[in-house]
Amino acid sequence: MPLATAYLALGSNLGPRLEQMRSALRLLEAGGVRVRAASHVYQNRAIGMGDADPFLNAVVQIETGLEPEPLLDLCLAVETQLGRVRTAGWSPRTIDIDVLVYGEAHVETERLQVPHPRIAERDFVLQPLVDIQPDLQLFGRTVREHLVALRVVELERVSEVLNESN
């Protein structure tokens, strides 16, 4: 099967956030995903979670032979392996991995929507995407254009890089 290019968002706001994100990358790679590029790491407020600790967020560009739903299964398995506990609604988490984009595919299932339907609303996804692929087309615009169109961007770039080999 040919390899597909996909983009994953990683976030964490519990425990050793950066190390958990790096561990997630190692586990994804062990599952057959090849990381091609990683964004800078950004800190942002925990949206919809009151006074929860802030998140670290980043995006990676990957190559994978997995179809979209098996890729989602791998992401969920990595989250579980790193101690993610799913609760109803938005809550703090050790790790969160979202499939943002999968090649040119448009997927609408009960479990997965690709491209992720809220990309254009989230500075903590758009800015990292702009870091690694500013001209990526989504919903008729580039991710850079989507970022410029946001009314508020509340991110702090942290000095650490996500992928230690970057």
# chains A, B, ... in the order shown; residues from 1 in each chain; ligands from 1

$ residues_around --residues "A:Gly103" --least-positions-apart "2" --cutoff "7 Å" --atoms "only C-alpha atoms" --output "NGL selection string"
:A and (4-6 or 101 or 105)

$ write_last_selection --atoms "N, CA and C atoms" --output "PDB file, in the first residue's frame"
ATOM      1  N   ALA A   4       0.676   7.438   2.853  1.00  0.00           N
ATOM      2  CA  ALA A   4      -0.117   8.669   2.842  1.00  0.00           C
ATOM      3  C   ALA A   4       0.539   9.674   3.764  1.00  0.00           C
ATOM      4  N   THR A   5       0.423  10.953   3.422  1.00  0.00           N
ATOM      5  CA  THR A   5       0.871  12.026   4.301  1.00  0.00           C
ATOM      6  C   THR A   5      -0.324  12.455   5.143  1.00  0.00           C
ATOM      7  N   ALA A   6      -0.099  12.534   6.438  1.00  0.00           N
ATOM      8  CA  ALA A   6      -1.159  12.956   7.354  1.00  0.00           C
ATOM      9  C   ALA A   6      -0.563  13.927   8.363  1.00  0.00           C
ATOM     10  N   VAL A 101      -5.590  15.822   9.300  1.00  0.00           N
ATOM     11  CA  VAL A 101      -5.670  15.733   7.842  1.00  0.00           C
ATOM     12  C   VAL A 101      -5.050  14.395   7.441  1.00  0.00           C
ATOM     13  N   ALA A 105      -8.011  12.910   1.623  1.00  0.00           N
ATOM     14  CA  ALA A 105      -9.227  12.193   2.021  1.00  0.00           C
ATOM     15  C   ALA A 105     -10.203  13.072   2.780  1.00  0.00           C
TER      16      ALA A 105
END

$ residues_around --residues "A:Phe55" --least-positions-apart "4" --cutoff "7 Å" --atoms "only C-alpha atoms" --output "PyMOL selection string"
chain A and resi 11-13+43-46

$ write_last_selection --atoms "N, CA and C atoms" --output "short mmCIF file (atom, residue, chain, number, x, y, z; two decimals), in the first residue's frame"
data_model
loop_
_atom_site.label_atom_id
_atom_site.label_comp_id
_atom_site.auth_asym_id
_atom_site.auth_seq_id
_atom_site.Cartn_x
_atom_site.Cartn_y
_atom_site.Cartn_z
N GLY A 11 -1.35 17.16 22.20
CA GLY A 11 -1.51 18.11 23.28
C GLY A 11 -1.44 17.39 24.62
N SER A 12 -1.02 18.13 25.65
CA SER A 12 -0.94 17.58 27.00
C SER A 12 -1.04 18.72 28.01
N ASN A 13 -1.80 18.47 29.11
CA ASN A 13 -1.81 19.47 30.18
C ASN A 13 -1.75 18.84 31.57
N GLN A 43 2.35 26.82 24.15
CA GLN A 43 1.53 26.72 25.35
C GLN A 43 0.30 27.59 25.15
N ASN A 44 -0.84 27.06 25.57
CA ASN A 44 -2.07 27.84 25.47
C ASN A 44 -3.02 27.47 26.60
N ARG A 45 -4.04 28.31 26.76
CA ARG A 45 -5.02 28.09 27.80
C ARG A 45 -5.77 26.79 27.54
N ALA A 46 -6.33 26.23 28.60
CA ALA A 46 -7.13 25.01 28.49
C ALA A 46 -8.56 25.42 28.16
#

$ select_by_dssp --residues "chain A" --states "strand (DSSP E or B)" --output "number ranges by chain"
A: 4-12, 34-38, 40-44, 55-64, 96-102, 107-108, 113-114, 137-138, 141-142, 155-161

$ atom_distance --atom1 "atom CA of A:Cys75" --atom2 "atom CA of A:Leu27"
9.1 Å

$ atom_distance --atom1 "atom CA of A:Ile119" --atom2 "atom CA of A:Arg22"
22.3 Å

$ residues_around --residues "A:Val59" --least-positions-apart "4" --cutoff "12 Å" --atoms "only C-alpha atoms" --output "PyMOL selection string"
chain A and resi 6-11+21-22+25+35-42+96-101+119+123-133+161-163

$ write_last_selection --atoms "C-alpha atoms" --output "CSV table (one decimal), in the first residue's frame"
chain,number,residue,atom,x,y,z
A,6,ALA,CA,-1.2,13.0,7.4
A,7,TYR,CA,-1.0,15.6,10.1
A,8,LEU,CA,-1.6,14.8,13.8
A,9,ALA,CA,-2.1,17.3,16.6
A,10,LEU,CA,-0.6,16.4,20.0
A,11,GLY,CA,-1.5,18.1,23.3
A,21,MET,CA,4.3,14.3,23.8
A,22,ARG,CA,7.7,13.0,22.9
A,25,LEU,CA,5.9,10.3,19.0
A,35,VAL,CA,7.4,11.5,11.5
A,36,ARG,CA,8.5,13.8,8.7
A,37,ALA,CA,8.3,17.2,10.4
A,38,ALA,CA,7.4,18.6,13.8
A,39,SER,CA,6.2,22.1,14.7
A,40,HIS,CA,7.4,24.2,17.5
A,41,VAL,CA,5.7,23.6,20.8
A,42,TYR,CA,3.2,26.1,22.0
A,96,ASP,CA,-4.4,14.0,23.3
A,97,ILE,CA,-3.7,12.9,19.7
A,98,ASP,CA,-6.0,14.1,16.9
A,99,VAL,CA,-6.0,13.1,13.2
A,100,LEU,CA,-6.2,16.5,11.5
A,101,VAL,CA,-5.7,15.7,7.8
A,119,ILE,CA,-9.1,23.2,12.6
A,123,ASP,CA,-5.0,28.8,17.0
A,124,PHE,CA,-3.2,25.9,18.8
A,125,VAL,CA,-3.6,23.8,15.7
A,126,LEU,CA,-3.3,26.4,13.0
A,127,GLN,CA,0.0,28.0,14.2
A,128,PRO,CA,1.8,24.6,14.4
A,129,LEU,CA,0.5,23.7,11.0
A,130,VAL,CA,1.8,27.0,9.6
A,131,ASP,CA,5.2,26.1,11.1
A,132,ILE,CA,5.5,23.0,9.0
A,133,GLN,CA,3.2,23.5,6.0
A,161,VAL,CA,11.2,21.4,20.2
A,162,LEU,CA,8.9,18.5,20.1
A,163,ASN,CA,11.0,16.1,18.0

$ closest_residue --among "A:Gly65, A:Pro2, A:Gly83, A:Pro54" --to "A:Arg34" --atoms "only C-alpha atoms"
A:Gly65
